[in-house]
Structures are given as structure tokens and as C-alpha cells.
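Each remark here refers to the structure printed beneath this line.
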2 protein chains.
Amino acid sequence: MRSHFSPAAAGGSAATAASAPARPADATLVASLDSAAHAKAIELSSTVLETCAVAGVGNPTVAMGAAHAVATLLYQSMRWDPSAPRERHGDRLILSDAAYTPLLYAAYADLGVPAFIDGAWRPLATADLSRFGLPEGPLPASPLPALLAGIECAAGAAGSGLSLAIGSALAARIEGCERRHFVLIGEGELREGVLFEALAHAAEERLAGVTPIFLLSPLASGDRAAAIDGAEALARRLAALGFHTIEIDGHAPARIRDAIDEAARRAATNQPTAILARVTKGWGARSLQGGAWSGHIPAGDKLRTALDELRASRVGLTRSYGVAASRPTPRAAVAGARPAAPAKASPAAIAALPDFVRAMREADMTALYQTGRLAPRRAHALALRALGRAMPEISLFESDARRTLAGELFTADRALASRAHEFRGAEQHMVLAARGLAAAGRAPFVAASARSVLRMQEELLVAAQEGASLRLVATDAGLSAVASGPASTALSDLASLRPLTSIREASGASALYLLQPSDAYAAYALTLAAARHDGLSLLRIPAGEHEFLYTPETEFKLGQFEVLFEGRDLLIVTAGAMVHEVNRALDGLDDAGIDATIVDLYSIPFDEKALLGLAKRNGGRILVVEDNQGAPIAGAVAEACLASGGGFTLESMCVRAPAIVARTFANAVAEAKLSASDIVARASRMVGIEA
Amino acid sequence: MRSHFSPAAAGGSAATAASAPARPADATLVASLDSAAHAKAIELSSTVLETCAVAGVGNPTVAMGAAHAVATLLYQSMRWDPSAPRERHGDRLILSDAAYTPLLYAAYADLGVPAFIDGAWRPLATADLSRFGLPEGPLPASPLPALLAGIECAAGAAGSGLSLAIGSALAARIEGCERRHFVLIGEGELREGVLFEALAHAAEERLAGVTPIFLLSPLASGDRAAAIDGAEALARRLAALGFHTIEIDGHAPARIRDAIDEAARRAATNQPTAILARVTKGWGARSLQGGAWSGHIPAGDKLRTALDELRASRVGLTRSYGVAASRPTPRAAVAGARPAAPAKASPAAIAALPDFVRAMREADMTALYQTGRLAPRRAHALALRALGRAMPEISLFESDARRTLAGELFTADRALASRAHEFRGAEQHMVLAARGLAAAGRAPFVAASARSVLRMQEELLVAAQEGASLRLVATDAGLSAVASGPASTALSDLASLRPLTSIREASGASALYLLQPSDAYAAYALTLAAARHDGLSLLRIPAGEHEFLYTPETEFKLGQFEVLFEGRDLLIVTAGAMVHEVNRALDGLDDAGIDATIVDLYSIPFDEKALLGLAKRNGGRILVVEDNQGAPIAGAVAEACLASGGGFTLESMCVRAPAIVARTFANAVAEAKLSASDIVARASRMVGIEA
């Protein structure tokens with residue numbers, strides 16, 4: 001932990017480190033630090049201009065506006081080790097506005113932050129910047145954690161940086177780390193609702209380990225947004241949330257350092273601080289400061305003029321300070337460059353957990369168990385508590401003030417309560433914060449209504465792309481939840497998420513597993529399976545009580561399915577609560593003389609070869625029965641059939657109405673024409689029998 | 001327009017109407033109005049308790065907290081006609097928190113607002129309340145505009161009411177209507193990011209015709225949320241946005257009336273007002289006021305006690321005023337009860353629009369036209385401007401500060417500029433506001449990145465369910481936009497929306513049409529077709545310039561497709577930019593001796609019978625080529641094949657990688673293994689030729 005240059009180290013070795021933010025003792029020291037920060041900001045700005053000109057991508061003048069903030073933070077105020085930016089106690093710099101990316105790359109190249117380049121980890125070098133934005137290069141226009149140690153999360157939607165930082169700060173609080181998080185937020189993000197959600201949450205949690213830094217350029221006087229998005233109005237809004245606010249000149253290094261120091265002092269009283277920095281786009285190069293340059297990349301003569309202006313700015317500034325600007329030496333070769341993989345829920349610890357029957361017994365639920373039926377969500381809650389007790393990495397994020405059963409059990413255990421967080425309806429912030437928490441090495445379960453999962457599509461796509469280790473638990477999904485009313489349930493959730501299950505990671509694993517337990521055994525086992533899986537999964541738990549279908553011996557694995565009955569006339573594929581309805585059709589199928597095979601396809605994706613083998617032994621006839629709009633299970637099975645070259649007949653029973661209004665599951669399946677008798681009728685037609 | 005009771009009308013006919021909010025002239029009048037409002041609030045609260053007890057659904061104590069606000073607004077302050085609540089000049093009451101629904105139903109039943117009951121429109125009556133929440137009933141737990149004239153939009157996610165009201169207020173501003181919108185917002189919605197987006201937008205637009213009314217019950221002193229969600233902090237936040245704020249006792253009718261009057265006075269200076277009303281859950285029934293009752297429904301003895309307490313409260317209050325409470329007579333039979341359908345873009349006006357070639361000529365683009373290639377987005381922009389000029393109903397909502405080409409053309413025309421609105425990145429608010437605008441009889445086009453469309457899933461589901469007339473235009477989608485980088489483009493957008501295309505409306509039309517133009521002709525024609533369609537559509541416009549494929553004679557219709565070549569060996573189905581890549585494969589197909597049929601499937605859903613007929617004439621072999629993850633086109637075609645009973649071989653070429661990084665479309669299709677040569681190779685294998 002050290003700051004990366006100081007006047008004492010001017011021109012010398014970076015090994016002369018300070019363990020705390022540099023605290024100037026006198027005016028000369030201040031001047032020297034300022035001079036160094038100016039010089040570094042100008043150097044980084046020049047690199048940004050050159051990098052963007054070569055790449056033909058980027059928004060260099062916006063990035064230049066952040067040059068002093070980045071130079072002062074990375075080289076002076078932050079306690080971190082460029083050779084190991086993910087060290088757990090090191091401070092973090094998080095870009096919310098992706099426009100600052102080339103600036104961060106320039107600094108990381110200067111400091112030799114480890115990057116994954118051409119198949120190996122080594123310190124990033126300035127020469128690598130020429131590959132900025134190139135398809136095969138290590139420096140994509142949107143940073144990726146797999147390629148650069150100084151990046152913990154992939155860039156997502158505008159306004160999401162603060163949420164990611166809050167996730168990491170919650171992890172730090174749980175683990176007793178003192179790392180701080182500085183988030184650079186651009187003026188284009190101020191209207192993003194998720195940013196408000198994050199600010200309110202940081203204020204409520206009094207998360208002083210996160211400091212949002214707003215970089216605000218002057219708004220045109222005629223702009224109606226000025227009254228709302230200007231520094232003054234923003235400061236009042238932040239203060240009303242409970243933030244201490246500091247307004248500074250974003251190009252004055254001493255003001256930036258002072259603000260960071262003040263934020264650290266406030267942190268002692270748990271008051272979060274927000275810094276509002278007034279900045280100039282294209283700072284240091286007057287010819288680029290017109291609004292016309294925003295979003296454009298100077299080249300040729302324009303570029304040369306701008307670089308000359310930057311050089312002149314540097315000469316003028318360093319002279320005015322009367323001291324020489326220090327120049328840090330980039331770090332030499334890095335040991336242990338590759339970022340440590342985040343700690344995952346340990347498979348061994350999971351293997352040692354009680355099975356469902358023992359868990360019921362230990363929870364004094366033997367009498368309940370003996371009724372032969374149980375709400376799957378109760379089994380899930382038991383599994384989650386067992387996981388939490390066995391593994392300190394497990395955290396629980398919940399959306400709703402009405403706690404779920406899982407939340408009740410989890411928070412009732414005082415040893416677990418500090419790892420449970422409630423987000424008061426701010427679901428989009430929640431899923432971002434969960435990504436931040438996961439990137440910091442923890443294993444979050446995130447409980448949300450299936451309805452709000454519809455809103456998380458973009459975030460789940462990013463999570464899938466970055467390989468985040470994240471477990472969603474969707475409630476109020478499917479026909480079993482229909483009593484909650486069509487405005488608060490979801491029938492299209494699985495279909496809208498299925499595209500992500502066709503994405504494969506390098507390991508061959510799916511980027512997303514959709515898991516649908518049908519009974520308490522399955523809910524218990526699939527909760528453990530999701531914890532064991534180092535990736536993205538969604539557990540869709542049916543509402544209500546359901547009869548036991550399985551035994552303690554049944555194994556549930558991501559990518560598998562379970563055969564409930566094996567026949568020879570027709571393969572019926574189903575999942576979740578619908579397994580029970582298909583079971584209810586068995587007598588009718590028998591009466592019709594149909595010897596059906598029944599599969600509980602509790603996972604998408606699944607073992608396609610095994611399923612199609614079963615189908616072949618059933619005359620190639622497949623009937624999919626599911627309580628979804630858009631037929632995601634039938635779609636997945638159809639893809640498998642097509643990929644195998646055909647020879648199958650597939651029919652799909654799913655929800656085709658816009659909404660199903662009913663009070664009970666039985667009424668809902670009837671309303672959706674998915675009842676046992678509907679299933680028998682369709683199966684009869686398929687095998688050529690008139691029912 | 002009138003207020004619904006006044007002391008003068010006490011016990012008498014409702015025909016004695018006032019044309020403006022009641023303005024008490026003296027203390028007796030105030031006392032009388034107050035007494036009436038108290039009596040009505042208590043009457044409505046009693047009805048709510050009984051209604052919820054019968055239905056077994058609802059959150060009655062929360063609804064009771066809003067009883068004075070609803071009684072004072074609907075019966076005293078608002079100018080509206082209960083027999084025609086959608087009359088364009090009438091004030092609107094919008095529930096953001098769905099918990100107030102039974103209260104609104106109680107008032108509407110009392111006032112005889114038209115409802116669609118058992119197949120016909122008639123005034124709602126108190127007896128109808130016994131069907132609250134029943135599947136077949138007129139009063140679902142979440143209100144629907146198709147069933148009740150006093151509801152303009154279906155209830156959506158928490159926090160969405162203000163956005164819907166803003167849409168209606170923008171429509172009113174465009175049309176010069178003076179209607180006002182009062183939005184009841186619950187304390188559970190304060191953390192919703194979309195609510196912040198709406199507040200900031202209302203403040204920026206100085207939309208004084210919308211008055212948010214926050215109903216806040218006291219927070220527990222130990223609640224960490226208190227500092228943020230309390231009335232004081234909320235008032236400061238609202239003031240920082242530019243709202244005038246009024247804090248009142250939410251159970252003091254005179255304070256409510258005064259606040260509404262003050263909001264009206266402020267409206268003259270275009271300053272929006274927010275009202276913060278302190279309320280008590282279960283007001284009037286002390287036995288229900290503990291936190292334990294929130295979310296629960298009293299029945300039996302508990303219900304009888306609560307009703308007795310309400311009666312006692314009424315006696316106590318009306319006595320204290322020393323005047324008799326007035327009792328309005330519910331309206332008698334209603335003429336023209338059925339709400340008028342919103343005005344739609346007129347098909348005749350669209351038919352009279354210039355065709356693409358004439359539009360190019362009129363825009364002095366003949367030289368550009370003669371190059372034989374054009375950016376489809378330019379043709380779309382021309383079509384949108386032509387639509388805007390021909391039809392005053394057309395509005396344009398845009399997300400981004402960097403205006404789209406369509407936005408540029410639209411706003412450059414001074415006659416159209418007032419119908420263009422920019423949302424500064426607040427996409428979720430934007431799509432809600434568009435629903436509000438559409439419900440108010442206007443025809444919005446909503447331009448957003450395909451990425452942000454992923455975030456709109458929940459809203460689009462509600463829009464599909466309510467049959468909203470809404471046209472989305474998605475940019476930066478598919479491989480043609482790949483240069484923008486994987487963090488700002490979308491490849492899974494169509495697959496995640498396809499479930500909604502399987503929902504059918506009563507008319508047989510799809511609840512959503514996914515439209516993919518491939519060239520400028522198609523972009524122009526499909527923009528007009530989307531305008532003509534009274535429903536939900538998404539137009540996905542490929543980036544970049546593309547060669548003309550069509551002629552002025554080609555017709556484009558929702559639910560159709562176009563045959564580009566007719567062969568006999570293999571049916572290749574594609575859409576959007578991929579049509580051009582398939583075209584580039586033609587020579588290779590020829591060389592391989594494959595006589596392929598090529599279909600531009602520009603619409604999902606499509607004429608399945610016609611497509612399968614083509615497939616049969618091509619040996620039943622279908623190859624789908626698309627630049628999507630999750631294979632939505634192949635999925636739609638596969639469903640059609642399965643439904644028809646089989647006999648087809650279908651193969652799917654789509655994007656299977658998590659992300660495609662490339663600079664050009666040509667590189668992107670190669671990277672995704674969808675290039676012309678990949679297509680030829682796959683086609684050759686399908687027809688049994690080794691390429």
C-alpha cells in the first residue's frame with residue numbers, strides 16, 4: 001500500500017512508499033505535489049489524445065476533464081499497489097462513465113498494472129495502448145476484469161458504477177477491510193434512476209467507504225437541465241439524502257487531495273461524502289474546449305495543435321509552482337500478476353451440509369416433513385441458512401421490505417444477519433451491487449420477484465458476459481403464483497432469459513442456468529447446487545405447498561434432468577409446479593392406454609443427448625408442458641431436436657394468453673388450458689388416440 | 001366539469017355543479033366541506049374494509065390512509081365528470097401505489113363511473129364491489145383501462161404512476177388542454193429509480209400540470225430509512241429539483257384543498273408543486289393502526305370492531321364541525337359511458353404520404369438515392385418526419401442527448417419540434433411516459449438503444465397486456481452496430497422480446513410485432529406500417545449504409561414476409577442486415593449447385609402457412625440465418641413447423657458467442673461464423689453436397 005509518487009521520489013524509485021495518503025507538511029510540499037499532479041494529468045491527457053487518435057474510438061476531451069482526478073487519486077491519494085490492484089485492503093477506483101476508460105488505461109500502462117496480453121499476464125506498458133479498442137487486444141473499449149487486474153467488473157449501463165462500488169464496500173464491511181472506493185461519475189449519468197437508488201442506499205447504510213466523485217462541466221446557460229443537473233442543485237439533493245458534500249475545482253490537485261482527506265475524516269463518523277468537481281472538457285488544450293469537440297477525436301493538425309497546447313500548459317504550470325515536477329518510474333516486473341480468483345463457496349463445505357431430511361429434523365420440522373408436502377420455498381430457506389452457517393462467503397440480498405421466508409430464517413440467525421441486505425424495491429441497484437459483491441470474492445444469493453427480473457435483463461447480460469458468480473432466486477413466477485395477480489407475477493421471465501443460456505463460457509459451462517425445482521427436495525438440492533456453481537444461475541421457486549416427488553437419494557445437478565416415469569409411447573417434458581399437474585394426468589394417460597415417459601427438466605441447459613435418447617425410445621414423440629409464455633422449455637428442446645438432425649415430433653403446451661387471472665393453481669392451469677385433462681387430450685392426439 | 005358535492009348540494013342532486021375548485025367563502029363553508037370530506041373518507045374506508053374482507057385480497061389499512069386525499073380530490077378539488085372520466089379537459093387521479101386500488105373502486109362505485117361489466121358498459125355500483133379481485137369480474141386487483149373508464153393505464157411496476165401522468169401531461173400541453181394530474185405515491189415507492197427519473201423530468205419540463213402527492217406514514221424512530229425517506233428529507237430533495245413543496249396533514253381536508261389550490265396558483269408560473277401528506281394507516285379505526293395490520297385484512301370480530309370505530313369517528317368529527325355532513329347522490333345512468341378510443345394515426349393520412357422515392361426527391365436527396373445505397377435510419381427519419389407533418393397525433397420520444405438522425409430531422413422542422421421530447425438517458429421513465437401519452441390519444445414513436453430495450457421488458461409486458469398503441473425504434477442492435485462495442489449494443493434483444501409476440505389480442509393481432517427492415521425502402525415502409533398499426537411494435541433498424549433490395553412497388557405489412565428469390569432446394573430465412581450477407585452467398589450457392597429460396601422475414605409474427613408452403617416446395621429444408629443470440633427467428637419458425645405437424649428439417653445459424661468484438665459488419669459476421677461462405681457451407685451440408 002503506498003501512494004505512487006511523492007516529491008521525495010521525484011525521478012527516483014517507486015519503492016519509497018508512504019502507507020497513508022500523502023499529507024503535505026508545508027507549502028513547498030503542497031506545491032511540489034500539485035506540480036507533480038499537473039504534470040501527470042497533462043502526460044495522461046496527451047497519451048489519451050494519441051491513443052484515441054490511433055484507435056479511432058473514444059471521447060478524449062471528456063476523458064481529459066478527469067485527468068486531474070485520476071492523476072491525484074491513483075498517484076497520490078489512494079492506498080493501493082499497482083502490481084496487485086485487487087489486494088483486498090487496497091483502495092479502488094471505479095469508472096461509472098465509460099468515457100474515462102482510455103485515461104485509466106493510460107495511467108495503468110504508466111504504472112504497469114497487470115494485464116492479460118497475448119495469453120499471459122504481464123505489466124501493461126504504454127506501447128500496449130496502440131491496441132486500444134482492437135478486437136483481439138487486451139484493452140477493449142469497455143474494460144473487462146478478465147483482461148486487466150485493475151478492473152473488477154465489466155462496464156454496464158450508464159449510472160451503474162456507484163452500485164458496483166457499493167457491492168464491494170458491503171463486502172469490505174463484512175470482512176473488516178478498510179479499503180475505500182472512489183467512483184468517477186459523469187454528468188451524462190445524473191438522470192439515471194439507478195444512480196439515485198445507489199445514492200439512497202449508500203446514505204442509508206452510511207457507507208463512508210464509497211465516495212462518489214461527480215465530474216461536472218459547466219452547463220449552457222440556456223439549458224433547462226442546468227437548474228436540476230448543476231452542481232448547486234445536485235449538492236442540495238445529496239445533502240438531503242445525508243451526504244456531506246464538497247464542491248471543488250476538479251483541476252486543482254490540492255483541492256482534490258483535501259476533499260479525499262476530508263472524506264476519510266468523515267468516514268470515522270460513518271458519514272458518506274460526495275465530491276462535486278467542476279471540470280473542463282479538453283482541459284489544457286484550449287483548441288479542444290469548444291462543445292463541438294465533445295465526442296470527436298482530433299487527428300492530424302488538430303491533434304498536433306492540442307498536444308502542443310498541453311505541453312505549453314505543462315511548462316506554464318510547473319514554472320508557476322517553482323519546483324520540478326516529479327516523474328514516477330513505472331513499476332518493474334510484477335510478481336503474482338494474475339488477479340486471484342474471488343473466493344467461492346467451497347464445494348467441500350457444501351458436501352458436508354446436512355441433507356434435506358436431516359435439515360428438517362434439525363429445524364424441528366419432522367412433523368411437517370411427515371405430512372408429505374411442503375412449500376419448496378421453505379426448503380430453499382433451510383438450504384440457504386445451512387449454506388450461510390457453513391460458509392462465510394454467502395450473502396443474501398433481498399428486494400422487498402416484506403422479507404421472504406429465506407430472509408426471515410437467515411436474519412433470525414444473529415451470526416448471519418450482517419450478511420443479509422435489503423434493498424427496499426431498488427432491484428436494479430441490487431443486482432449491480434451483487435455483481436460488485438461477487439467481484440470482491442463473496443457469493444451472493446439475490447432474491448427478487450420474477451417481475452423485477454424482467455427489468456434486470458441488461459445487467460444479467462453483462463453478468464453473463466463477465467462470468468459473474470451470482471445466484472438469483474425468483475419468486476412469484478409462473479402459474480403457482482397466480483393468486484398475486486397479473487401485475488405482480490411473471491410468465492415470460494424464463495423465455496426472456498433463455499437467450500443467455502445459449503452463451504457458452506470457455507469452460508463449456510452455460511453463462512446462465514435456469515433452475516426450476518418442483519418439490520422441497522429439489523428446492524433444497526438445487527439451492528446447494530447453485531451455491532456450488534461458480535457462475536450465474538436463476539432459481540425459480542414455485543409458490544405454495546407441493547407434494548414430495550423425490551427422496552434423499554435423488555441427485556440434482558446443473559445441466560441434468562430427472563426421469564420420473566419411463567414408458568415407451570410419448571416423452572412428456574415439464575418442470576417446476578407443472579410436474580405436479582403432469583403427475584395428475586397419469587391416471588388419464590393410463591386410461592387412454594398411453595405409456596408415457598415423464599421428465600422433470602429442472603435445468604436449462606440440459607443433457608440434450610440423454611433427453612433425445614429417451615425421446616427416441618418413445619417413438620420420437622415429445623410433448624412439452626410448461627407454465628410459461630414464449631415456450632422456453634419447448635424452445636430449448638426444439639433446438640436440441642433440430643441440432644441432432646431431426647426425426648422427432650414435438651408439441652408444445654404453454655401459456656398463450658396475455659395474462660392468467662385466477663385464485664388457485666388448479667384454476668390457473670385450467671384457465672391456461674394446461675390441466676391434467678388438457679394434457680391427456682393432447683397426448684392422446686399425439687399418439688393417434690382420440691381421447 | 002364540476003366538483004362532486006358541495007354543501008349547497010348536501011343531500012340533494014349532484015347536478016348543482018361548480019366549474020372550478022370549491023373555494024370556501026367563510027368558516028361555515030370550510031367546516032361544511034371538511035365535514036363532508038371526513039364523512040366521505042370514513043364511508044369509503046368502511047367500504048374498503050368490507051370489500052377487502054369479502055375478496056380476501058388487498059391492503060386495506062394502507063388504502064384507508066389515502067381516504068381523505070381521495071375523498072377531497074374526487075369529490076371537491078378535481079374538475080372532472082364521473083360519467084366521462086376520460087374527457088380530455090377533465091382532471092385525472094392516478095394511483096402510483098396499487099394498494100389504493102380498492103379505495104378508488106369504492107369512490108368510483110359511489111360516483112357511478114362507467115365500467116365494462118358482463119359485456120356492457122354501465123355505471124359501477126357499490127354492489128359490484130363484491131366482485132373485487134375475482135377472475136371474471138370487472139374489478140381486478142390491478143385496474144385495467146379496458147374495464148373501467150376512470151383508469152387510463154394498467155398498473156405497472158412500483159413507482160411508475162408519475163411517469164404515466166407525465167405522458168398524459170405532455171399530451172395535454174401539446175393539445176392545449178388544461179387538465180391537471182394528481183398522482184398518489186406511497187412511501188414504499190420512494191426508492192424506485194424510475195420515480196426519481198420522473199421527478200427530474202417534470203422539474204426540467206416545468207410540468208405544473210402534474211402534482212405528485214406523497215402519502216407518508218411516520219417511520220419507526222429506529223428505522224435507518226427515516227433520515228432519507230422522511231418527509232423533511234424528501235421535501236429538501238424535491239426542492240433541490242425545483243419543486244415547490246407543501247407539507248400537510250393528510251387527514252385534514254382543508255389542508256388538502258388549500259394545497260391543491262396553491263399548486264394551481266403555482267402552475268400559472270410553471271412551477272411544479274409536490275404535496276407531502278402525513279397519513280396514518282388505518283385512520284379512523286384505532287384497532288387497526290398498529291404496524292401489525294399493514295398488509296393484513298381484518299375479518300369477523302376484528303372487522304366489526306373496526307367498522308364500529310369508523311362510525312364513532314364519523315359521529316365525533318361531524319359533531320365537532322357543528323354542521324351536517326353532506327351526502328352526494330351517486331350519478332344516475334350515464335350517456336356515452338364507454339370511453340372513447342384514443343385518436344390513432346389515421347390510415348387515410350398515411351396512405352396519402354409520399355412514397356420513399358418521392359420523399360427522397362422532396363428532401364433533395366435524389367443524388368444520394370441514385371447511389372443505390374442508403375442508411376436505413378435515414379429512410380426511417382424521412383418517414384417519421386413525413387408522418388409528423390401529416391398527422392398531429394405523432395410524437396417522438398428520444399432517450400439520448402446525442403440526437404438520432406430521426407430526431408434531427410423531426411426537431412429541425414419548427415412545426416414538429418414541440419412534439420419531440422428528450423429523456424436524457426432515463427429510458428424506463430420514457431417508455432412509461434410514452435404509455436401515458438398513448439393513453440391520452442397520441443401516437444408516440446420511442447427511440448432507444450436496443451440495450452436499453454432490455455431494461456424495458458417489464459414495461460413492454462404491461463404495454464402488451466393493456467394493448468398500448470406504442471412504437472419502439474431500437475438502435476445499435478445486431479451485428480451491423482458492432483462497432484459501438486459490446487457494452488453498448490445488443491444481440492439478445494429480439495430473443496428476449498419474442499415471448500410477447502406469442503400473445504394474441506382479442507382481434508387476433510399479435511401483442512407485439514418485431515420488425516426488421518433490411519434496406520431503406522423497408523425502413524421507410526415499415527415506419528409507416530408501424531404508425532398505421534394500433535398496437536405495440538418494435539422497429540429494429542440496422543446501422544450503416546446498405547444497398548437497395550426493393551422497389552417502390554414492394555409492399556410491407558405487419559405479419560408478412562418478402563420472397564427475394566424463389567428456388568427449390570432450400571429455403572433460407574433471414575432478416576435485417578443479414579439479408580445482405582445471405583445475398584452475398586448467392587454466387588457461392590450457385591457454384592455449389594444449390595437453387596435456394598430466400599425470404600426476408602421482416603416481421604415476427606409472420607404468415608406461417610405461406611412460409612411453410614414455400615418450405616414444402618423446397619424439400620422441407622429450412623435454414624435460418626440471423627444476427628441474434630438465442631435464435632428468435634429460428635425459434636418462431638420452429639414453432640410454426642411444430643404446430644403444422646412436422647415434415648421439416650430446420651437448421652439455425654445465429655450468434656453463439658457471448659459477445660462479438662469487431663469494427664465492421666463484415667468482420668462481425670466472420671467472427672460470428674455467419675459470413676456468406678459459412679452460409680454456403682451450411683447450406684451445402686443441408687442439401688447433401690460437400691462444399
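Ligands are numbered from 1 in the order shown, chains are lettered A, B, ... in the order of the C-alpha cells, and residues start at 1 in each chain.
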
Using only C-alpha atoms, what table do you get, as JSON lines, when you list each residue of chain A with an atom no more than 7 Å from chain B, its nearest pair of atoms, and their distance in Å rounded to one decimal, rows by chain then rising number?
{"residue": "A:Pro135", "atom": "CA", "partner": "B:Val661", "partner_atom": "CA", "distance": 5.0}
{"residue": "A:Ala141", "atom": "CA", "partner": "B:Gly485", "partner_atom": "CA", "distance": 6.7}
{"residue": "A:Ser142", "atom": "CA", "partner": "B:Ala487", "partner_atom": "CA", "distance": 6.3}
{"residue": "A:Ala155", "atom": "CA", "partner": "B:Ala487", "partner_atom": "CA", "distance": 6.7}
{"residue": "A:Gly156", "atom": "CA", "partner": "B:Ala487", "partner_atom": "CA", "distance": 6.4}
{"residue": "A:Arg191", "atom": "CA", "partner": "B:Ala426", "partner_atom": "CA", "distance": 5.9}
{"residue": "A:Glu192", "atom": "CA", "partner": "B:Ala426", "partner_atom": "CA", "distance": 5.5}
{"residue": "A:Gly193", "atom": "CA", "partner": "B:Gly193", "partner_atom": "CA", "distance": 3.6}
{"residue": "A:Val194", "atom": "CA", "partner": "B:Gly193", "partner_atom": "CA", "distance": 5.2}
{"residue": "A:Phe196", "atom": "CA", "partner": "B:Gly193", "partner_atom": "CA", "distance": 5.9}
{"residue": "A:Glu197", "atom": "CA", "partner": "B:Gly193", "partner_atom": "CA", "distance": 5.4}
{"residue": "A:Glu204", "atom": "CA", "partner": "B:Ala225", "partner_atom": "CA", "distance": 5.8}
{"residue": "A:Arg224", "atom": "CA", "partner": "B:Glu204", "partner_atom": "CA", "distance": 6.0}
{"residue": "A:Ala225", "atom": "CA", "partner": "B:Glu204", "partner_atom": "CA", "distance": 5.9}
{"residue": "A:Ile228", "atom": "CA", "partner": "B:Leu241", "partner_atom": "CA", "distance": 5.2}
{"residue": "A:Ala233", "atom": "CA", "partner": "B:Ala240", "partner_atom": "CA", "distance": 5.1}
{"residue": "A:Arg236", "atom": "CA", "partner": "B:Ala240", "partner_atom": "CA", "distance": 5.6}
{"residue": "A:Arg237", "atom": "CA", "partner": "B:Arg237", "partner_atom": "CA", "distance": 4.7}
{"residue": "A:Ala240", "atom": "CA", "partner": "B:Ala233", "partner_atom": "CA", "distance": 5.1}
{"residue": "A:Leu241", "atom": "CA", "partner": "B:Ile228", "partner_atom": "CA", "distance": 5.2}
{"residue": "A:Arg424", "atom": "CA", "partner": "B:Arg191", "partner_atom": "CA", "distance": 6.5}
{"residue": "A:Gly425", "atom": "CA", "partner": "B:Glu192", "partner_atom": "CA", "distance": 6.3}
{"residue": "A:Ala426", "atom": "CA", "partner": "B:Glu192", "partner_atom": "CA", "distance": 5.5}
{"residue": "A:Arg451", "atom": "CA", "partner": "B:Glu458", "partner_atom": "CA", "distance": 6.7}
{"residue": "A:Leu454", "atom": "CA", "partner": "B:Glu458", "partner_atom": "CA", "distance": 5.4}
{"residue": "A:Arg455", "atom": "CA", "partner": "B:Arg455", "partner_atom": "CA", "distance": 4.9}
{"residue": "A:Met456", "atom": "CA", "partner": "B:Arg455", "partner_atom": "CA", "distance": 6.2}
{"residue": "A:Gln457", "atom": "CA", "partner": "B:Leu454", "partner_atom": "CA", "distance": 5.4}
{"residue": "A:Glu458", "atom": "CA", "partner": "B:Leu454", "partner_atom": "CA", "distance": 5.4}
{"residue": "A:Gln465", "atom": "CA", "partner": "B:Pro658", "partner_atom": "CA", "distance": 5.8}
{"residue": "A:Gly485", "atom": "CA", "partner": "B:Ala141", "partner_atom": "CA", "distance": 6.7}
{"residue": "A:Ala487", "atom": "CA", "partner": "B:Ser142", "partner_atom": "CA", "distance": 6.3}
{"residue": "A:Ser492", "atom": "CA", "partner": "B:Pro499", "partner_atom": "CA", "distance": 6.2}
{"residue": "A:Ala495", "atom": "CA", "partner": "B:Pro499", "partner_atom": "CA", "distance": 6.1}
{"residue": "A:Ser496", "atom": "CA", "partner": "B:Ser496", "partner_atom": "CA", "distance": 3.8}
{"residue": "A:Leu497", "atom": "CA", "partner": "B:Ser496", "partner_atom": "CA", "distance": 6.3}
{"residue": "A:Arg498", "atom": "CA", "partner": "B:Gly630", "partner_atom": "CA", "distance": 6.9}
{"residue": "A:Pro499", "atom": "CA", "partner": "B:Gly630", "partner_atom": "CA", "distance": 3.8}
{"residue": "A:Ser502", "atom": "CA", "partner": "B:Gly630", "partner_atom": "CA", "distance": 6.2}
{"residue": "A:Ile503", "atom": "CA", "partner": "B:Pro658", "partner_atom": "CA", "distance": 5.2}
{"residue": "A:Arg504", "atom": "CA", "partner": "B:Ala657", "partner_atom": "CA", "distance": 6.9}
{"residue": "A:Gln629", "atom": "CA", "partner": "B:Pro499", "partner_atom": "CA", "distance": 5.8}
{"residue": "A:Gly630", "atom": "CA", "partner": "B:Pro499", "partner_atom": "CA", "distance": 3.8}
{"residue": "A:Gly635", "atom": "CA", "partner": "B:Gly635", "partner_atom": "CA", "distance": 6.4}
{"residue": "A:Leu642", "atom": "CA", "partner": "B:Leu650", "partner_atom": "CA", "distance": 6.0}
{"residue": "A:Ala643", "atom": "CA", "partner": "B:Glu651", "partner_atom": "CA", "distance": 6.9}
{"residue": "A:Gly646", "atom": "CA", "partner": "B:Thr649", "partner_atom": "CA", "distance": 6.5}
{"residue": "A:Thr649", "atom": "CA", "partner": "B:Gly646", "partner_atom": "CA", "distance": 6.5}
{"residue": "A:Leu650", "atom": "CA", "partner": "B:Leu642", "partner_atom": "CA", "distance": 6.0}
{"residue": "A:Glu651", "atom": "CA", "partner": "B:Leu642", "partner_atom": "CA", "distance": 6.2}
{"residue": "A:Arg656", "atom": "CA", "partner": "B:Ile503", "partner_atom": "CA", "distance": 5.8}
{"residue": "A:Ala657", "atom": "CA", "partner": "B:Ile503", "partner_atom": "CA", "distance": 5.8}
{"residue": "A:Pro658", "atom": "CA", "partner": "B:Ile503", "partner_atom": "CA", "distance": 5.2}
{"residue": "A:Val661", "atom": "CA", "partner": "B:Pro135", "partner_atom": "CA", "distance": 5.0}
{"residue": "A:Ala662", "atom": "CA", "partner": "B:Pro135", "partner_atom": "CA", "distance": 5.3}

Taking the backbone alone, and naming residues the way the document does, which bits of range 505-611 of chain B are strand (DSSP E or B) by DSSP, as a list of chain:residue names? B:Ser510, B:Tyr513, B:Leu514, B:Leu515, B:Leu536, B:Ser537, B:Leu538, B:Leu539, B:Arg540, B:His546, B:Glu547, B:Glu562, B:Val563, B:Leu564, B:Phe565, B:Leu570, B:Leu571, B:Ile572, B:Val573, B:Thr574, B:Ala596, B:Thr597, B:Ile598, B:Val599, B:Asp600, B:Ser603, B:Ile604

Alpha helix (DSSP H) per DSSP on the backbone: members of range 171-327 of chain A, as a PyMOL selection string: chain A and resi 171-175+193-205+226-229+231-241+253-267+300-321

Excluding Arg471 in chain B and any residue of its chain fewer than 2 positions from it, enumerate the residues within 6 Å of it, using only C-alpha atoms, and give them as a list in words.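 Those residues are Phe445, Leu536, Ser537 and Leu538 of chain B.
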
Resulting file, chosen residues, N, CA and C atoms, as a short mmCIF file (atom, residue, chain, number, x, y, z; two decimals), in the first residue's frame:
data_model
loop_
_atom_site.label_atom_id
_atom_site.label_comp_id
_atom_site.auth_asym_id
_atom_site.auth_seq_id
_atom_site.Cartn_x
_atom_site.Cartn_y
_atom_site.Cartn_z
N PHE B 445 -43.75 7.57 -31.16
CA PHE B 445 -42.59 6.77 -31.55
C PHE B 445 -41.54 6.96 -30.46
N LEU B 536 -48.59 -2.38 -30.27
CA LEU B 536 -47.19 -2.31 -29.88
C LEU B 536 -46.31 -2.90 -30.97
N SER B 537 -45.28 -2.14 -31.36
CA SER B 537 -44.33 -2.68 -32.32
C SER B 537 -42.93 -2.22 -31.97
N LEU B 538 -41.96 -2.99 -32.43
CA LEU B 538 -40.56 -2.60 -32.27
C LEU B 538 -39.89 -2.68 -33.62
#

Contacts of Leu396 in chain A within 9 Å, only C-alpha atoms, excl. fewer than 5 positions in-chain, as a PyMOL selection string: chain A and resi 384+388+406-407+410+419-422+443-447

CA of Ala520 in chain B to CA of Ala433 in chain B, distance in Å rounded to a single decimal: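 The value is 29.4 Å.
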